[in-house]
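Trainee: Following this message is one structure expressed as structure tokens.
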Amino acid sequence: MRFDTVIIGGGLAGLTAGIALQREGKSTAIISTGQNALHFFSGSFESVVEKNERMIDFFAKAGIPLHYAPGVRLMPLGSFRPSALCLEDTDIFPTAKVGSKVLIVNFMGYHDFFSTFLAEGLEKEGMQCRIRLLDLPELEPLQRSPGGMRSVQMARILDPIWEKFVQEVRLLIKDEDIVVIPQVFGLKDPSTPGLIREDLPVRAIFAGTLPPSVPGIRTQQLLGRNYERLGGTYLKGDHALRALTKDNRIIGVSTKNLDRHYLKADTFILASGSYFSKGLRSNPFEITEPVFDLDVNYSPERSDWYNPKFAADQPYMHYGVKTDENLHAIKGGTVIQNLYAIGSVMGVSHPRFGFGAGLAIRSAFHVTDQIVQESKV
Amino acid sequence: MKIQEYTQSKYNFEECMKCTVCTAYCPVLQVNPLFPGPKQCGPDEERLRLKDPYFFNTALKYCMNCKRCEVACPSGVNVAALIQSARIHYDHTPPKVRDRILASTDFMGKMARPVAPVVNAVTGLGITKTVLDATLKIDHRRSFPRYSGSSFTAWLKRHRKEQAAFEEQAAYFHGCYVNYNHPQLGKDLVKVLNALGVGVQLLEKEKCCGIAMIVNGMSARAARNASVNIASIRKAVDKGLKVLSTSSTCVLTLRDEYPELLGIDNDSVREDILLATRFIFERMEAGATLHFRPDYHRRIAYHVPCHLEKLGWGVFSERLLRRIPGVEFTLLDSNCCGIAGTYGFKKENYEAAQNIGAPLFDQIRSVDPEVVACDCETCKWQIEMSTGYPVMNPISILAEALE
């Protein structure tokens with residue numbers, strides 16, 4: 001099967017590249033090995049202070065409104081981190097002192113939301129916190145099953161009754177000026193969190209839960225749907241195996257599901273992610289890139305890979321495939337002119353600051369611009 | 001270096017990172033609170049089951065084996081296979097009479113064929129449905145597949161000579177549905193393949209692929225069928241033939257469920273078992289042409305069945321349909337229709353099946369196509385019953401559009 005571009009990896013980087021190219025009239029396929037990091041998405045893209053109109057416009061066209069406001073956002077465990085560009089679910093404040101009194105609302109039996117940690121963090125910033133549990137009868141069927149009270153299942157039940165939820169929260173509010181709510185609203189419709197916010201008498205903050213991330217899944221679905229509506233071919237649950245090369249160019253890629261049926265294209269984009277998505281593989285001796293066997297930037301000394309302090313910046317998180325400045329991949333020291341690497345397989349992301357999402361998008365734009373330019377020559 | 005080789009667990013279950021992504025994509029979990037979900041039933045409980053079969057949980061029967069968990073898993077865990085294999089190994093309760101009947105598609109077809117008009121008239125009656133519901137717990141709201149008075153194999157045998165005249169040949173695994181319920185689909189395949197210069201022949205022996213038996217506690221019988229089928233397929237492949245099917249579930253069963261769940265080795269023939277649309281697409285990519293009617297026009301919405309999504313081959317049917325001039329094509333969102341073979345026929349699953357399918361049915365109504373295209377016969381029954389829109393296999397659409 002032939003395409004203009006084949007993209008390996010169906011996460012944020014791969015989907016952004018696919019959508020950008022389809023919008024330019026290119027034919028593309030995305031090979032996606034299972035679901036991706038968007039399912040753990042915090043809702044924040046980056047903390048780069050300059051406003052990126054292109055990203056905002058790009059997502060708006062896919063039905064995903066973003067908001068830009070450089071400042072800080074509340075993390076799921078009660079700390080604050082810098083952010084500038086977010087999904088509308090996520091609030092950004094000029095400083096960590098977001099109010100004076102805070103009501104934290106959780107649901108009875110929901111253990112994936114850390115109210116007490118949140119309260120500790122907010123109290124450190126000088127706010128007074130009160131935690132209240134809501135017991136909605138609609139959630140009772142989920143409470144009966146050990147795995148039932150999970151973000152996605154709850155969102156399916158809560159989305160249609162968000163107005164009732166707001167009424168219940170109104171009754172709980174005393175003299176608070178802020179209410180913190182778990183991110184379990186808006187699985188399908190990105191406007192639900194905004195509606196809740198408008199209907200509450202005080203400012204509402206949606207705080208992250210344990211995965212899967214409800215705003216993340218919704219973003220994945222909307223991007224995936226946009227890609228398919230533009231005519232893109234999204235190969236779900238498949239796995240790129242080997243590349244066919246000729247004269248230092250990639251001609252085709254084989255996949256697990258398609259046996260010996262190669263996906264052929266003029267250009268290829270590697271957006272296969274980091275260790276979790278198996279874009280990078282590690283064993284006690286080496287770190288490799290499994291599809292093209294590209295050069296990977298890592299220390300030959302294994303003891304250099306880790307910092308013994310668990311929470312410290314870990315060197316292995318910065319390892320990734322080598323590229324030239326235009327993000328062409330490098331194999332055996334030679335640049336491959338029709339293969340690009342984007343997103344976290346490049347290994348330059350910094351998980352502590354949540355740059356991964358912004359980096360995925362920016363690198364995708366950088367590469368798709370080149371592909372579009374080259375095809376015009 | 002052989003690190004992975006020595007540490008790989010059965011169905012890769014040790015690779016589970018507990019990320020819970022599968023739970024977001026399990027259609028059953030969203031509608032049935034009695035089902036603990038793929039993560040718990042699969043990798044989580046497998047650890048316990050390996051210690052002591054006492055931990056086997058009968059709620060595993062709510063899994064409908066759609067395999068959406070496997071498609072969603074970022075770590076390559078065969079979650080659905082873990083669940084089905086646990087049912088095979090630990091659940092020793094004999095299958096109910098109803099489940100035996102539902103699973104015996106082959107036997108039922110043979111019995112019904114000679115008296116098809118009577119069977120069709122009787123199963124369409126309200127009183128029959130009420131009785132079946134009360135006695136066997138087959139839900140009364142379900143409509144039943146109709147039987148054909150003459151089988152596909154009898155028809156093809158009558159045309160054996162003209163089919164043998166083609167220089168190139170392919171073998172057809174027709175399955176129970178084509179043989180007993182809808183021989184027209186088989187005839188459509190013959191028409192399309194003949195137009196490509198390929199003659200169609202039967203396998204030496206063909207039994208039901210067995211998927212309905214596997215999920216209804218009759219895996220020993222399924223394994224017997226599998227041995228017969230693979231032996232026949234091997235003979236065809238040895239003659240240089242590809243073995244084609246028009247049912248995505250039959251293909252998935254022959255290729256993947258046989259080795260994974262029944263322990264039947266199909267290694268040497270697996271790559272030669274193909275969905276017919278893939279075979280046709282690859283022929284056309286290699287230069288073969290089909291001549292379509294210039295006046296053909298159809299507004300088609302295409303639904304990728306769960307098992308085709310697992311195979312990863314929906315793209316072949318999609319691209320073939322898009323290629324027909326005069327086709328207005330809409331790709332429906334990835335959703336399960338809810339029937340999952342025999343699952344939705346059971347009284348205890350009827351509500352869940354209809355709730356699972358609701359998003360798909362809503363989208364079909366809003367797209368309002370002339371026809372829904374789909375490669376699975378049970379999806380066809382479910383969509384036709386639940387939406388009233390006609391459903392056609394892509395092969396039948398190709399045949400209809402041919403000059």
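Letters for chains follow the order of the structure tokens (A, B, ...), residue numbers begin at 1 for each chain, and ligand numbers begin at 1 in the order shown.
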Would you kindly report the residues of chain B within 8 Å of chain A, using only C-alpha atoms, as a list of chain:residue names?

Mentor: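 Those within range of chain A come out as B:Cys19, B:Thr20, B:Val21, B:Ala24, B:Leu29, B:Gln30, B:Pro33, B:Leu34, B:Phe35, B:Pro36, B:Gly37, B:Gln40, B:Glu70, B:Val71, B:Ala72, B:Cys73, B:Pro74, B:Ser75, B:Gly76, B:Glu271, B:Glu285, B:Glu309, B:Lys310, B:Leu311, B:Gly312, B:Trp313, B:Val315, B:Leu331, B:Asp333.
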
Trainee: Could you pull out the residues in segment 294-390 of chain B that DSSP calls alpha helix (DSSP H) from the backbone, as a ChimeraX atom specification?

Mentor: /B:306-311,314-323,350-367,377-387

Trainee: Per DSSP on the backbone, filter segment 167-243 of chain A down to the residues in strand (DSSP E) and report them as a PyMOL selection string.

Mentor: chain A and resi 178-182+203-207+233-236+240-243

Trainee: So which residues touch segment 126-135 of chain A within 7 Å, counting only C-alpha atoms, skipping near sequence neighbours fewer than 2 positions away, as a list of chain:residue names?

Mentor: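 Listing them by chain and then by number gives A:Gly99, A:Ser100, A:Lys101, A:Val102, A:Leu103, A:Ile104, A:Val105, A:Asn106, A:Phe107, A:Met108, A:Ser115, A:Ala119, A:Leu122, A:Glu123, A:Lys124, A:Pro137.
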
Trainee: Could you turn the residues from that selection into a file that holds all heavy atoms, as a compact mmCIF listing (two decimals), in the first residue's frame?

Mentor:
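File again.txt, as written:
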```txt
# COMPACT_ATOMS: atom_id res chain seq x y z
N GLY A 99 -6.53 31.59 45.95
CA GLY A 99 -7.71 32.04 46.68
C GLY A 99 -7.39 32.07 48.15
O GLY A 99 -6.22 31.97 48.55
N SER A 100 -8.42 32.19 49.00
CA SER A 100 -8.14 32.17 50.43
C SER A 100 -8.72 30.91 51.07
O SER A 100 -8.09 30.27 51.89
CB SER A 100 -8.66 33.44 51.10
OG SER A 100 -10.05 33.58 50.84
N LYS A 101 -9.95 30.55 50.67
CA LYS A 101 -10.53 29.33 51.23
C LYS A 101 -10.94 28.39 50.10
O LYS A 101 -11.54 28.82 49.12
CB LYS A 101 -11.76 29.69 52.06
CG LYS A 101 -11.39 30.38 53.36
CD LYS A 101 -12.59 30.50 54.26
CE LYS A 101 -12.15 30.97 55.65
NZ LYS A 101 -13.30 31.14 56.54
N VAL A 102 -10.60 27.10 50.28
CA VAL A 102 -10.79 26.14 49.19
C VAL A 102 -11.67 24.98 49.66
O VAL A 102 -11.43 24.41 50.72
CB VAL A 102 -9.43 25.58 48.70
CG1 VAL A 102 -9.64 24.62 47.54
CG2 VAL A 102 -8.50 26.72 48.29
N LEU A 103 -12.67 24.65 48.85
CA LEU A 103 -13.45 23.44 49.09
C LEU A 103 -12.99 22.39 48.08
O LEU A 103 -13.03 22.63 46.87
CB LEU A 103 -14.95 23.73 48.89
CG LEU A 103 -15.86 22.51 48.93
CD1 LEU A 103 -15.96 21.94 50.34
CD2 LEU A 103 -17.26 22.85 48.40
N ILE A 104 -12.52 21.23 48.59
CA ILE A 104 -12.11 20.14 47.70
C ILE A 104 -13.23 19.10 47.68
O ILE A 104 -13.57 18.56 48.74
CB ILE A 104 -10.78 19.51 48.16
CG1 ILE A 104 -9.68 20.59 48.18
CG2 ILE A 104 -10.38 18.36 47.24
CD1 ILE A 104 -8.39 20.13 48.82
N VAL A 105 -13.79 18.84 46.52
CA VAL A 105 -14.91 17.90 46.41
C VAL A 105 -14.42 16.60 45.79
O VAL A 105 -13.77 16.60 44.75
CB VAL A 105 -16.04 18.48 45.53
CG1 VAL A 105 -17.18 17.48 45.39
CG2 VAL A 105 -16.56 19.79 46.12
N ASN A 106 -14.71 15.49 46.46
CA ASN A 106 -14.42 14.19 45.86
C ASN A 106 -15.69 13.33 45.94
O ASN A 106 -16.68 13.72 46.54
CB ASN A 106 -13.26 13.51 46.59
CG ASN A 106 -12.74 12.32 45.82
OD1 ASN A 106 -13.09 12.10 44.66
ND2 ASN A 106 -11.90 11.51 46.46
N PHE A 107 -15.64 12.16 45.31
CA PHE A 107 -16.80 11.26 45.31
C PHE A 107 -16.54 10.10 46.25
O PHE A 107 -15.42 9.58 46.32
CB PHE A 107 -17.06 10.73 43.90
CG PHE A 107 -17.39 11.82 42.92
CD1 PHE A 107 -16.38 12.38 42.15
CD2 PHE A 107 -18.67 12.31 42.81
CE1 PHE A 107 -16.67 13.40 41.26
CE2 PHE A 107 -18.97 13.32 41.92
CZ PHE A 107 -17.96 13.87 41.15
N MET A 108 -17.58 9.66 46.92
CA MET A 108 -17.49 8.51 47.82
C MET A 108 -16.95 7.31 47.05
O MET A 108 -17.46 6.98 45.97
CB MET A 108 -18.90 8.21 48.35
CG MET A 108 -18.94 7.33 49.56
SD MET A 108 -18.41 8.21 51.04
CE MET A 108 -19.96 8.92 51.58
N SER A 115 -7.31 14.01 47.56
CA SER A 115 -7.80 15.22 48.22
C SER A 115 -6.88 15.70 49.35
O SER A 115 -6.63 16.90 49.46
CB SER A 115 -9.18 14.99 48.81
OG SER A 115 -9.83 13.96 48.17
N ALA A 119 -4.98 19.22 49.66
CA ALA A 119 -5.21 20.14 50.77
C ALA A 119 -3.88 20.56 51.39
O ALA A 119 -3.64 21.75 51.64
CB ALA A 119 -6.11 19.49 51.81
N LEU A 122 -2.14 23.05 49.10
CA LEU A 122 -2.78 24.36 49.06
C LEU A 122 -2.59 25.10 50.39
O LEU A 122 -2.43 26.32 50.41
CB LEU A 122 -4.28 24.19 48.75
CG LEU A 122 -4.58 23.69 47.33
CD1 LEU A 122 -6.03 23.25 47.21
CD2 LEU A 122 -4.26 24.77 46.29
N GLU A 123 -2.59 24.33 51.48
CA GLU A 123 -2.38 24.97 52.78
C GLU A 123 -0.98 25.55 52.88
O GLU A 123 -0.77 26.59 53.49
CB GLU A 123 -2.68 23.98 53.91
CG GLU A 123 -4.16 23.96 54.24
CD GLU A 123 -4.64 22.70 54.96
OE1 GLU A 123 -3.78 21.92 55.41
OE2 GLU A 123 -5.87 22.51 55.04
N LYS A 124 -0.01 24.87 52.25
CA LYS A 124 1.36 25.38 52.22
C LYS A 124 1.42 26.76 51.55
O LYS A 124 2.25 27.59 51.86
CB LYS A 124 2.26 24.41 51.44
CG LYS A 124 3.45 23.91 52.25
CD LYS A 124 4.32 23.00 51.40
CE LYS A 124 4.19 21.56 51.89
NZ LYS A 124 4.82 20.60 50.98
N PRO A 137 -26.18 8.76 44.09
CA PRO A 137 -26.75 7.41 43.86
C PRO A 137 -26.45 6.89 42.46
O PRO A 137 -26.35 5.68 42.25
CB PRO A 137 -28.26 7.62 44.07
CG PRO A 137 -28.49 9.09 44.01
CD PRO A 137 -27.22 9.75 44.43
```

Trainee: Which is closest to Ser9 of chain B among B:Ser148, B:Gln169, B:Asn78, B:Ser227, if we use only C-alpha atoms?

Mentor: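 Residue with the minimum atom-to-atom distance to Ser9 of chain B: B:Asn78.
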
Trainee: Got a sec: who's within 9 Å of Ser42 of chain A, counting only C-alpha atoms, leaving out chain neighbours fewer than 2 positions off, as a PyMOL selection string?

Mentor: chain A and resi 38-40+44-45+75-76+86-87+90+207-209+213+215-216+354

Trainee: Env of Val371 of chain B: 9 Å cut, atoms = only C-alpha atoms, seq-sep filter 3 positions within chain, self excluded. Answer as a PyMOL selection string.

Mentor: chain B and resi 298-302+368+389-392

Trainee: Export, as a PDB file, in the first residue's frame, the selected residues with all heavy atoms.

Mentor:
```
ATOM      1  N   ARG B 298     -23.860   4.709  -4.846  1.00  0.00           N
ATOM      2  CA  ARG B 298     -24.257   4.245  -3.511  1.00  0.00           C
ATOM      3  C   ARG B 298     -23.677   5.176  -2.457  1.00  0.00           C
ATOM      4  O   ARG B 298     -22.511   5.546  -2.538  1.00  0.00           O
ATOM      5  CB  ARG B 298     -23.684   2.849  -3.242  1.00  0.00           C
ATOM      6  CG  ARG B 298     -24.491   1.719  -3.824  1.00  0.00           C
ATOM      7  CD  ARG B 298     -25.650   1.376  -2.928  1.00  0.00           C
ATOM      8  NE  ARG B 298     -26.138   0.046  -3.228  1.00  0.00           N
ATOM      9  CZ  ARG B 298     -27.325  -0.407  -2.826  1.00  0.00           C
ATOM     10  NH1 ARG B 298     -28.121   0.388  -2.138  1.00  0.00           N
ATOM     11  NH2 ARG B 298     -27.702  -1.624  -3.113  1.00  0.00           N
ATOM     12  N   ARG B 299     -24.502   5.520  -1.463  1.00  0.00           N
ATOM     13  CA  ARG B 299     -23.977   6.222  -0.293  1.00  0.00           C
ATOM     14  C   ARG B 299     -23.729   5.176   0.780  1.00  0.00           C
ATOM     15  O   ARG B 299     -24.665   4.571   1.299  1.00  0.00           O
ATOM     16  CB  ARG B 299     -24.948   7.288   0.201  1.00  0.00           C
ATOM     17  CG  ARG B 299     -24.724   8.642  -0.480  1.00  0.00           C
ATOM     18  CD  ARG B 299     -25.586   9.738   0.111  1.00  0.00           C
ATOM     19  NE  ARG B 299     -26.987   9.380   0.043  1.00  0.00           N
ATOM     20  CZ  ARG B 299     -27.725   9.048   1.108  1.00  0.00           C
ATOM     21  NH1 ARG B 299     -27.190   9.049   2.310  1.00  0.00           N
ATOM     22  NH2 ARG B 299     -28.989   8.722   0.972  1.00  0.00           N
ATOM     23  N   ILE B 300     -22.449   4.940   1.087  1.00  0.00           N
ATOM     24  CA  ILE B 300     -22.078   3.824   1.965  1.00  0.00           C
ATOM     25  C   ILE B 300     -21.448   4.338   3.258  1.00  0.00           C
ATOM     26  O   ILE B 300     -20.586   5.220   3.230  1.00  0.00           O
ATOM     27  CB  ILE B 300     -21.062   2.903   1.253  1.00  0.00           C
ATOM     28  CG1 ILE B 300     -21.729   2.259   0.033  1.00  0.00           C
ATOM     29  CG2 ILE B 300     -20.537   1.832   2.195  1.00  0.00           C
ATOM     30  CD1 ILE B 300     -20.782   1.456  -0.809  1.00  0.00           C
ATOM     31  N   ALA B 301     -21.880   3.792   4.387  1.00  0.00           N
ATOM     32  CA  ALA B 301     -21.182   4.021   5.654  1.00  0.00           C
ATOM     33  C   ALA B 301     -20.528   2.698   6.030  1.00  0.00           C
ATOM     34  O   ALA B 301     -21.196   1.668   6.080  1.00  0.00           O
ATOM     35  CB  ALA B 301     -22.157   4.466   6.728  1.00  0.00           C
ATOM     36  N   TYR B 302     -19.215   2.720   6.279  1.00  0.00           N
ATOM     37  CA  TYR B 302     -18.493   1.479   6.527  1.00  0.00           C
ATOM     38  C   TYR B 302     -18.185   1.317   8.013  1.00  0.00           C
ATOM     39  O   TYR B 302     -17.589   2.189   8.632  1.00  0.00           O
ATOM     40  CB  TYR B 302     -17.209   1.452   5.695  1.00  0.00           C
ATOM     41  CG  TYR B 302     -16.354   0.223   5.946  1.00  0.00           C
ATOM     42  CD1 TYR B 302     -16.897  -1.047   5.822  1.00  0.00           C
ATOM     43  CD2 TYR B 302     -15.013   0.350   6.305  1.00  0.00           C
ATOM     44  CE1 TYR B 302     -16.129  -2.175   6.069  1.00  0.00           C
ATOM     45  CE2 TYR B 302     -14.238  -0.773   6.539  1.00  0.00           C
ATOM     46  CZ  TYR B 302     -14.801  -2.025   6.418  1.00  0.00           C
ATOM     47  OH  TYR B 302     -14.046  -3.143   6.663  1.00  0.00           O
ATOM     48  N   ASP B 368     -27.192   8.528   7.852  1.00  0.00           N
ATOM     49  CA  ASP B 368     -28.300   8.155   6.983  1.00  0.00           C
ATOM     50  C   ASP B 368     -27.837   7.651   5.607  1.00  0.00           C
ATOM     51  O   ASP B 368     -28.180   8.232   4.577  1.00  0.00           O
ATOM     52  CB  ASP B 368     -29.250   9.363   6.825  1.00  0.00           C
ATOM     53  CG  ASP B 368     -30.535   8.952   6.110  1.00  0.00           C
ATOM     54  OD1 ASP B 368     -30.925   7.768   6.217  1.00  0.00           O
ATOM     55  OD2 ASP B 368     -31.126   9.802   5.421  1.00  0.00           O
ATOM     56  N   TYR B 389     -31.370  -0.134   8.907  1.00  0.00           N
ATOM     57  CA  TYR B 389     -30.599   0.089   7.676  1.00  0.00           C
ATOM     58  C   TYR B 389     -30.089  -1.244   7.134  1.00  0.00           C
ATOM     59  O   TYR B 389     -29.669  -2.100   7.913  1.00  0.00           O
ATOM     60  CB  TYR B 389     -29.410   1.016   7.937  1.00  0.00           C
ATOM     61  CG  TYR B 389     -29.814   2.456   8.091  1.00  0.00           C
ATOM     62  CD1 TYR B 389     -30.176   2.968   9.334  1.00  0.00           C
ATOM     63  CD2 TYR B 389     -29.844   3.307   6.990  1.00  0.00           C
ATOM     64  CE1 TYR B 389     -30.565   4.292   9.480  1.00  0.00           C
ATOM     65  CE2 TYR B 389     -30.235   4.634   7.128  1.00  0.00           C
ATOM     66  CZ  TYR B 389     -30.597   5.120   8.368  1.00  0.00           C
ATOM     67  OH  TYR B 389     -30.980   6.422   8.497  1.00  0.00           O
ATOM     68  N   PRO B 390     -30.107  -1.438   5.806  1.00  0.00           N
ATOM     69  CA  PRO B 390     -29.573  -2.686   5.256  1.00  0.00           C
ATOM     70  C   PRO B 390     -28.051  -2.724   5.379  1.00  0.00           C
ATOM     71  O   PRO B 390     -27.392  -1.684   5.281  1.00  0.00           O
ATOM     72  CB  PRO B 390     -29.986  -2.634   3.779  1.00  0.00           C
ATOM     73  CG  PRO B 390     -30.172  -1.192   3.482  1.00  0.00           C
ATOM     74  CD  PRO B 390     -30.606  -0.539   4.761  1.00  0.00           C
ATOM     75  N   VAL B 391     -27.511  -3.905   5.616  1.00  0.00           N
ATOM     76  CA  VAL B 391     -26.065  -4.073   5.762  1.00  0.00           C
ATOM     77  C   VAL B 391     -25.572  -5.054   4.712  1.00  0.00           C
ATOM     78  O   VAL B 391     -26.144  -6.130   4.532  1.00  0.00           O
ATOM     79  CB  VAL B 391     -25.692  -4.589   7.170  1.00  0.00           C
ATOM     80  CG1 VAL B 391     -24.181  -4.753   7.300  1.00  0.00           C
ATOM     81  CG2 VAL B 391     -26.216  -3.648   8.240  1.00  0.00           C
ATOM     82  N   MET B 392     -24.506  -4.677   4.006  1.00  0.00           N
ATOM     83  CA  MET B 392     -23.944  -5.553   2.970  1.00  0.00           C
ATOM     84  C   MET B 392     -22.469  -5.767   3.212  1.00  0.00           C
ATOM     85  O   MET B 392     -21.758  -4.861   3.646  1.00  0.00           O
ATOM     86  CB  MET B 392     -24.117  -4.913   1.581  1.00  0.00           C
ATOM     87  CG  MET B 392     -25.524  -4.987   1.028  1.00  0.00           C
ATOM     88  SD  MET B 392     -25.669  -3.966  -0.459  1.00  0.00           S
ATOM     89  CE  MET B 392     -24.971  -5.034  -1.708  1.00  0.00           C
TER      90      MET B 392
END
```

Trainee: Using only C-alpha atoms, determine which residues lie at most 8 Å from Gln354 of chain B, disregarding the query and same-chain residues fewer than 6 positions distant; provide the list as a PyMOL selection string.

Mentor: chain B and resi 337-339+386

Trainee: Please provide the set of residues having any atom within 12 Å of Arg302 of chain A, restricted to only C-alpha atoms, with same-chain residues fewer than 3 positions apart removed, written as a short mmCIF file (atom, residue, chain, number, x, y, z; two decimals) with C-alpha atoms, in the first residue's frame.

Mentor:
```
data_model
loop_
_atom_site.label_atom_id
_atom_site.label_comp_id
_atom_site.auth_asym_id
_atom_site.auth_seq_id
_atom_site.Cartn_x
_atom_site.Cartn_y
_atom_site.Cartn_z
CA SER A 282 16.71 -0.85 26.84
CA ASN A 283 18.44 -3.87 28.27
CA PRO A 284 21.31 -4.04 30.75
CA PHE A 285 23.85 -3.29 28.01
CA GLU A 286 22.40 -0.89 25.49
CA ILE A 287 19.56 1.38 24.44
CA TYR A 298 23.30 7.42 25.47
CA SER A 299 26.23 6.88 27.75
CA TRP A 305 22.01 6.12 33.11
CA TYR A 306 20.50 6.56 36.55
CA ASN A 307 20.59 9.06 39.33
CA PRO A 315 19.69 10.92 32.65
CA TYR A 316 18.01 8.01 30.82
#
```

Trainee: If you measure from atom CA of Lys164 of chain A to atom CA of Ala352 of chain B, what distance in Å do you get, rounded to one decimal?

Mentor: 25.4 Å
